[in-house]
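*Asks:* This is final_7.txt, which holds compact mmCIF, N, CA and C atoms and all ligand atoms:
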# COMPACT_ATOMS: atom_id res chain seq x y z
N MET A 1 12.85 0.75 12.94
CA MET A 1 11.70 1.59 13.17
C MET A 1 10.54 0.70 13.62
N ARG A 2 9.81 1.14 14.60
CA ARG A 2 8.64 0.43 15.08
C ARG A 2 7.41 1.26 14.77
N ALA A 3 6.37 0.61 14.28
CA ALA A 3 5.17 1.38 13.92
C ALA A 3 3.93 0.51 14.04
N TRP A 4 2.88 1.13 14.52
CA TRP A 4 1.55 0.51 14.52
C TRP A 4 0.80 1.00 13.30
N GLN A 5 0.06 0.11 12.68
CA GLN A 5 -0.78 0.50 11.55
C GLN A 5 -1.90 -0.51 11.41
N ARG A 6 -2.90 -0.15 10.63
CA ARG A 6 -3.97 -1.09 10.30
C ARG A 6 -3.50 -1.92 9.11
N ALA A 7 -3.79 -3.21 9.14
CA ALA A 7 -3.36 -4.09 8.06
C ALA A 7 -4.17 -3.79 6.80
N VAL A 8 -3.49 -3.54 5.71
CA VAL A 8 -4.15 -3.32 4.44
C VAL A 8 -4.63 -4.64 3.86
N PHE A 9 -3.89 -5.72 4.13
CA PHE A 9 -4.26 -7.06 3.70
C PHE A 9 -4.26 -7.97 4.93
N ALA A 10 -4.89 -9.11 4.81
CA ALA A 10 -4.82 -10.10 5.88
C ALA A 10 -3.36 -10.52 6.05
N PHE A 11 -2.96 -10.83 7.27
CA PHE A 11 -1.57 -11.17 7.50
C PHE A 11 -1.47 -12.24 8.58
N TRP A 12 -0.30 -12.87 8.67
CA TRP A 12 0.00 -13.83 9.70
C TRP A 12 0.99 -13.19 10.66
N CYS A 13 0.75 -13.40 11.94
CA CYS A 13 1.67 -12.91 12.95
C CYS A 13 2.97 -13.70 12.84
N GLY A 14 4.09 -13.03 12.91
CA GLY A 14 5.37 -13.69 12.81
C GLY A 14 5.80 -14.40 14.07
N TYR A 15 5.06 -14.25 15.16
CA TYR A 15 5.43 -14.91 16.42
C TYR A 15 4.49 -16.07 16.73
N CYS A 16 3.16 -15.80 16.78
CA CYS A 16 2.23 -16.86 17.16
C CYS A 16 1.61 -17.55 15.94
N GLY A 17 1.75 -16.96 14.75
CA GLY A 17 1.23 -17.59 13.55
C GLY A 17 -0.25 -17.39 13.32
N ALA A 18 -0.90 -16.57 14.12
CA ALA A 18 -2.33 -16.34 13.95
C ALA A 18 -2.58 -15.55 12.66
N ARG A 19 -3.64 -15.92 11.94
CA ARG A 19 -4.01 -15.18 10.74
C ARG A 19 -5.00 -14.11 11.15
N LEU A 20 -4.69 -12.86 10.82
CA LEU A 20 -5.54 -11.75 11.22
C LEU A 20 -6.11 -11.08 9.99
N PRO A 21 -7.36 -10.65 10.09
CA PRO A 21 -8.03 -10.09 8.91
C PRO A 21 -7.55 -8.68 8.59
N LYS A 22 -7.91 -8.26 7.41
CA LYS A 22 -7.64 -6.89 6.96
C LYS A 22 -8.25 -5.90 7.95
N GLY A 23 -7.50 -4.86 8.28
CA GLY A 23 -7.98 -3.84 9.21
C GLY A 23 -7.56 -4.08 10.64
N SER A 24 -6.95 -5.22 10.95
CA SER A 24 -6.49 -5.50 12.32
C SER A 24 -5.27 -4.65 12.63
N PRO A 25 -5.06 -4.32 13.91
CA PRO A 25 -3.83 -3.62 14.27
C PRO A 25 -2.61 -4.50 14.00
N LYS A 26 -1.60 -3.90 13.42
CA LYS A 26 -0.39 -4.65 13.03
C LYS A 26 0.82 -3.87 13.50
N PHE A 27 1.71 -4.55 14.21
CA PHE A 27 2.93 -3.93 14.71
C PHE A 27 4.08 -4.37 13.81
N THR A 28 4.77 -3.41 13.23
CA THR A 28 5.84 -3.70 12.29
C THR A 28 7.16 -3.17 12.83
N VAL A 29 8.17 -4.02 12.81
CA VAL A 29 9.52 -3.62 13.22
C VAL A 29 10.42 -3.73 11.99
N SER A 30 11.01 -2.62 11.60
CA SER A 30 11.93 -2.58 10.47
C SER A 30 13.33 -2.34 11.00
N LEU A 31 14.26 -3.15 10.57
CA LEU A 31 15.65 -3.01 11.01
C LEU A 31 16.51 -2.65 9.81
N PRO A 32 17.52 -1.81 10.00
CA PRO A 32 18.41 -1.50 8.89
C PRO A 32 19.18 -2.74 8.45
N LEU A 33 19.36 -2.87 7.16
CA LEU A 33 20.09 -3.99 6.55
C LEU A 33 19.35 -5.32 6.66
N VAL A 34 18.10 -5.30 7.09
CA VAL A 34 17.27 -6.51 7.14
C VAL A 34 16.15 -6.31 6.13
N THR A 35 15.99 -7.24 5.19
CA THR A 35 15.04 -7.04 4.10
C THR A 35 13.59 -7.27 4.51
N HIS A 36 13.34 -8.17 5.43
CA HIS A 36 11.97 -8.47 5.81
C HIS A 36 11.63 -7.80 7.13
N ASP A 37 10.45 -7.16 7.17
CA ASP A 37 9.97 -6.56 8.40
C ASP A 37 9.44 -7.65 9.32
N ARG A 38 9.56 -7.42 10.61
CA ARG A 38 8.96 -8.33 11.58
C ARG A 38 7.56 -7.82 11.86
N VAL A 39 6.57 -8.71 11.74
CA VAL A 39 5.17 -8.34 11.90
C VAL A 39 4.61 -9.10 13.10
N ARG A 40 3.93 -8.38 13.97
CA ARG A 40 3.33 -8.98 15.16
C ARG A 40 1.88 -8.56 15.28
N CYS A 41 1.07 -9.46 15.89
CA CYS A 41 -0.32 -9.13 16.17
C CYS A 41 -0.37 -8.31 17.45
N ALA A 42 -1.58 -7.90 17.84
CA ALA A 42 -1.72 -7.03 19.01
C ALA A 42 -1.31 -7.73 20.29
N SER A 43 -1.54 -9.05 20.39
CA SER A 43 -1.20 -9.75 21.63
C SER A 43 0.28 -10.12 21.70
N CYS A 44 0.98 -10.17 20.58
CA CYS A 44 2.40 -10.54 20.58
C CYS A 44 3.33 -9.34 20.45
N ALA A 45 2.79 -8.16 20.28
CA ALA A 45 3.63 -6.98 20.09
C ALA A 45 4.35 -6.62 21.38
N TYR A 46 5.41 -5.86 21.23
CA TYR A 46 6.23 -5.49 22.36
C TYR A 46 5.65 -4.33 23.14
N GLU A 47 4.61 -3.71 22.64
CA GLU A 47 3.99 -2.57 23.29
C GLU A 47 2.49 -2.58 23.01
N PRO A 48 1.68 -1.93 23.85
CA PRO A 48 0.23 -1.97 23.66
C PRO A 48 -0.20 -1.18 22.42
N VAL A 49 -1.37 -1.54 21.91
CA VAL A 49 -1.93 -0.85 20.75
C VAL A 49 -2.28 0.57 21.16
N PRO A 50 -1.84 1.57 20.42
CA PRO A 50 -2.17 2.95 20.79
C PRO A 50 -3.67 3.19 20.66
N ALA A 51 -4.18 4.04 21.54
CA ALA A 51 -5.61 4.32 21.55
C ALA A 51 -6.04 5.10 20.33
N MET A 52 -5.15 5.85 19.73
CA MET A 52 -5.52 6.71 18.60
C MET A 52 -5.17 6.09 17.25
N LEU A 53 -5.06 4.77 17.17
CA LEU A 53 -4.78 4.12 15.90
C LEU A 53 -5.96 4.33 14.97
N PRO A 54 -5.75 4.87 13.78
CA PRO A 54 -6.88 5.17 12.89
C PRO A 54 -7.69 3.91 12.57
N VAL A 55 -8.98 4.10 12.46
CA VAL A 55 -9.87 2.97 12.18
C VAL A 55 -9.69 2.49 10.75
N GLY A 56 -9.63 3.42 9.83
CA GLY A 56 -9.49 3.06 8.43
C GLY A 56 -8.08 3.27 7.96
N PHE A 57 -7.86 3.08 6.71
CA PHE A 57 -6.56 3.36 6.12
C PHE A 57 -6.80 4.15 4.85
N PRO A 58 -5.84 4.97 4.45
CA PRO A 58 -6.06 5.85 3.31
C PRO A 58 -6.24 5.06 2.02
N VAL A 59 -7.17 5.51 1.23
CA VAL A 59 -7.41 4.92 -0.09
C VAL A 59 -6.69 5.77 -1.12
N PRO A 60 -5.83 5.18 -1.91
CA PRO A 60 -5.10 6.00 -2.89
C PRO A 60 -6.05 6.60 -3.92
N MET A 61 -5.78 7.82 -4.26
CA MET A 61 -6.60 8.51 -5.25
C MET A 61 -6.17 8.05 -6.65
N ALA A 62 -7.15 7.85 -7.49
CA ALA A 62 -6.86 7.42 -8.85
C ALA A 62 -6.35 8.60 -9.66
N ALA A 63 -5.33 8.36 -10.45
CA ALA A 63 -4.82 9.40 -11.35
C ALA A 63 -5.84 9.60 -12.46
N THR A 64 -6.03 10.83 -12.84
CA THR A 64 -7.04 11.13 -13.87
C THR A 64 -6.41 11.93 -15.00
N TYR A 65 -7.15 11.99 -16.09
CA TYR A 65 -6.77 12.85 -17.21
C TYR A 65 -8.05 13.40 -17.81
N VAL A 66 -7.94 14.48 -18.57
CA VAL A 66 -9.10 15.08 -19.23
C VAL A 66 -9.06 14.67 -20.69
N ASP A 67 -10.12 14.03 -21.15
CA ASP A 67 -10.13 13.55 -22.53
C ASP A 67 -10.52 14.68 -23.49
N GLU A 68 -10.64 14.35 -24.77
CA GLU A 68 -10.92 15.36 -25.78
C GLU A 68 -12.30 15.98 -25.62
N ASP A 69 -13.22 15.33 -24.91
CA ASP A 69 -14.54 15.89 -24.67
C ASP A 69 -14.60 16.73 -23.41
N GLY A 70 -13.48 16.89 -22.72
CA GLY A 70 -13.44 17.69 -21.51
C GLY A 70 -13.88 16.94 -20.26
N LEU A 71 -14.04 15.62 -20.35
CA LEU A 71 -14.45 14.83 -19.20
C LEU A 71 -13.22 14.29 -18.48
N GLU A 72 -13.29 14.32 -17.15
CA GLU A 72 -12.20 13.78 -16.36
C GLU A 72 -12.39 12.28 -16.22
N ARG A 73 -11.41 11.51 -16.60
CA ARG A 73 -11.50 10.05 -16.59
C ARG A 73 -10.33 9.48 -15.82
N PRO A 74 -10.53 8.30 -15.21
CA PRO A 74 -9.40 7.68 -14.50
C PRO A 74 -8.31 7.27 -15.46
N ARG A 75 -7.07 7.36 -15.00
CA ARG A 75 -5.91 7.11 -15.84
C ARG A 75 -5.87 5.66 -16.35
N SER A 76 -6.50 4.74 -15.62
CA SER A 76 -6.40 3.34 -16.00
C SER A 76 -7.15 3.01 -17.29
N VAL A 77 -8.03 3.91 -17.74
CA VAL A 77 -8.80 3.63 -18.95
C VAL A 77 -8.34 4.52 -20.11
N VAL A 78 -7.09 4.94 -20.08
CA VAL A 78 -6.55 5.72 -21.19
C VAL A 78 -6.58 4.84 -22.44
N PRO A 79 -7.19 5.32 -23.52
CA PRO A 79 -7.24 4.49 -24.70
C PRO A 79 -5.84 4.23 -25.25
N ALA A 80 -5.69 3.08 -25.88
CA ALA A 80 -4.38 2.68 -26.39
C ALA A 80 -3.88 3.65 -27.44
N SER A 81 -4.79 4.39 -28.10
CA SER A 81 -4.36 5.32 -29.13
C SER A 81 -3.65 6.53 -28.54
N VAL A 82 -3.89 6.82 -27.26
CA VAL A 82 -3.25 7.99 -26.63
C VAL A 82 -1.77 7.70 -26.37
N VAL A 83 -1.45 6.53 -25.84
CA VAL A 83 -0.08 6.16 -25.56
C VAL A 83 0.29 5.01 -26.49
N THR A 84 1.19 5.26 -27.38
CA THR A 84 1.59 4.22 -28.31
C THR A 84 2.81 3.48 -27.78
N LEU A 85 3.11 2.38 -28.38
CA LEU A 85 4.27 1.60 -27.95
C LEU A 85 5.56 2.39 -28.16
N SER A 86 5.64 3.15 -29.26
CA SER A 86 6.86 3.92 -29.50
C SER A 86 7.01 5.03 -28.46
N ASP A 87 5.89 5.63 -27.99
CA ASP A 87 5.97 6.62 -26.92
C ASP A 87 6.54 6.00 -25.66
N TRP A 88 6.04 4.82 -25.34
CA TRP A 88 6.50 4.15 -24.14
C TRP A 88 7.98 3.81 -24.23
N LYS A 89 8.41 3.34 -25.37
CA LYS A 89 9.82 2.99 -25.53
C LYS A 89 10.70 4.22 -25.45
N SER A 90 10.26 5.33 -26.04
CA SER A 90 11.10 6.53 -26.00
C SER A 90 11.16 7.10 -24.59
N LYS A 91 10.04 7.03 -23.85
CA LYS A 91 10.06 7.51 -22.47
C LYS A 91 10.95 6.64 -21.60
N ALA A 92 10.90 5.33 -21.83
CA ALA A 92 11.71 4.42 -21.03
C ALA A 92 13.21 4.61 -21.29
N SER A 93 13.53 4.96 -22.53
CA SER A 93 14.94 5.14 -22.85
C SER A 93 15.45 6.54 -22.51
N GLY A 94 14.53 7.44 -22.10
CA GLY A 94 14.94 8.78 -21.69
C GLY A 94 15.04 9.77 -22.81
N GLN A 95 14.47 9.47 -23.96
CA GLN A 95 14.54 10.40 -25.08
C GLN A 95 13.37 11.36 -25.06
ZN ZN B 101 0.84 -13.04 17.43
Kindly present the structure from the file in structure tokens form.
Ligand SMILES: [Zn+2]

*Replies:*
Amino acid sequence: MRAWQRAVFAFWCGYCGARLPKGSPKFTVSLPLVTHDRVRCASCAYEPVPAMLPVGFPVPMAATYVDEDGLERPRSVVPASVVTLSDWKSKASGQ
């Protein structure tokens, strides 16, 4: 599969070795049964950069929960008392 996208992180071109900053156009070639994608910069890619390549990239939405006070809070600050170690172990084991 060949795809153009904006780089989420800075990357090195796999052909010329240039280091390109976050947000640069990045051409990725994925091949079946090959674990590493081939990454190319705009000047080394096999095809021109599409004119409609999005400027930004999607920001993942934070998972939230509603606490006992009715306030919506991000999932990353769930107090340790809500999820105990035994809960985690039972969920991991499928019980
Ligand atoms: Zn390059």

*Asks:* Residues within 7 Å of ligand ZN 101 (chain B) (all atoms listed in the file), as a ChimeraX atom specification?

*Replies:* /A:12-18,39-45

*Asks:* Could you check which of A:Ala3, A:Leu71, A:Ala92, A:Ala63 is closest to Val29 in chain A, using only C-alpha atoms?

*Replies:*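 Going through A:Ala3, A:Leu71, A:Ala92, A:Ala63 one by one, the smallest distance to Val29 in chain A is for A:Ala3.
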
*Asks:* Please provide the set of residues having any atom within 8 Å of Arg73 in chain A, restricted to all atoms listed in the file, with same-chain residues fewer than 6 positions apart removed, written as a list in words.

*Replies:* Ala62, Ala63, Thr64, Tyr65, Val66 and Asp67 of chain A

*Asks:* Could you jot down the CA of Ser24 in chain A to CA of Arg6 in chain A separation for me, Å, one decimal place?

*Replies:*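 Taking CA of Ser24 in chain A and CA of Arg6 in chain A, their separation equals 5.5 Å.
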
*Asks:* So, with all atoms listed in the file as the atoms that count, which of A:Ala7, A:Met1, A:Val49, A:Gly94 lies closest to Ser30 in chain A?

*Replies:*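 Ranking A:Ala7, A:Met1, A:Val49, A:Gly94 by distance to Ser30 in chain A, first place goes to A:Met1.
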
*Asks:* Rounded to one decimal place, report the CA of Leu20 in chain A-atom N of Glu47 in chain A distance in Å.

*Replies:*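 Here the two named atoms are 17.3 Å from each other.
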
*Asks:* For Pro32 in chain A, which residue among A:Arg2, A:Met52, A:Lys91, A:Arg75 is the nearest when counting only C-alpha atoms?

*Replies:*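 Selected residue with least distance to Pro32 in chain A: A:Arg2.
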
*Asks:* Which value, in Å to one decimal, gives the distance between atom C of His36 in chain A and CA of Ala51 in chain A?

*Replies:*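 Between atom C of His36 in chain A and CA of Ala51 in chain A the gap works out to 25.5 Å.
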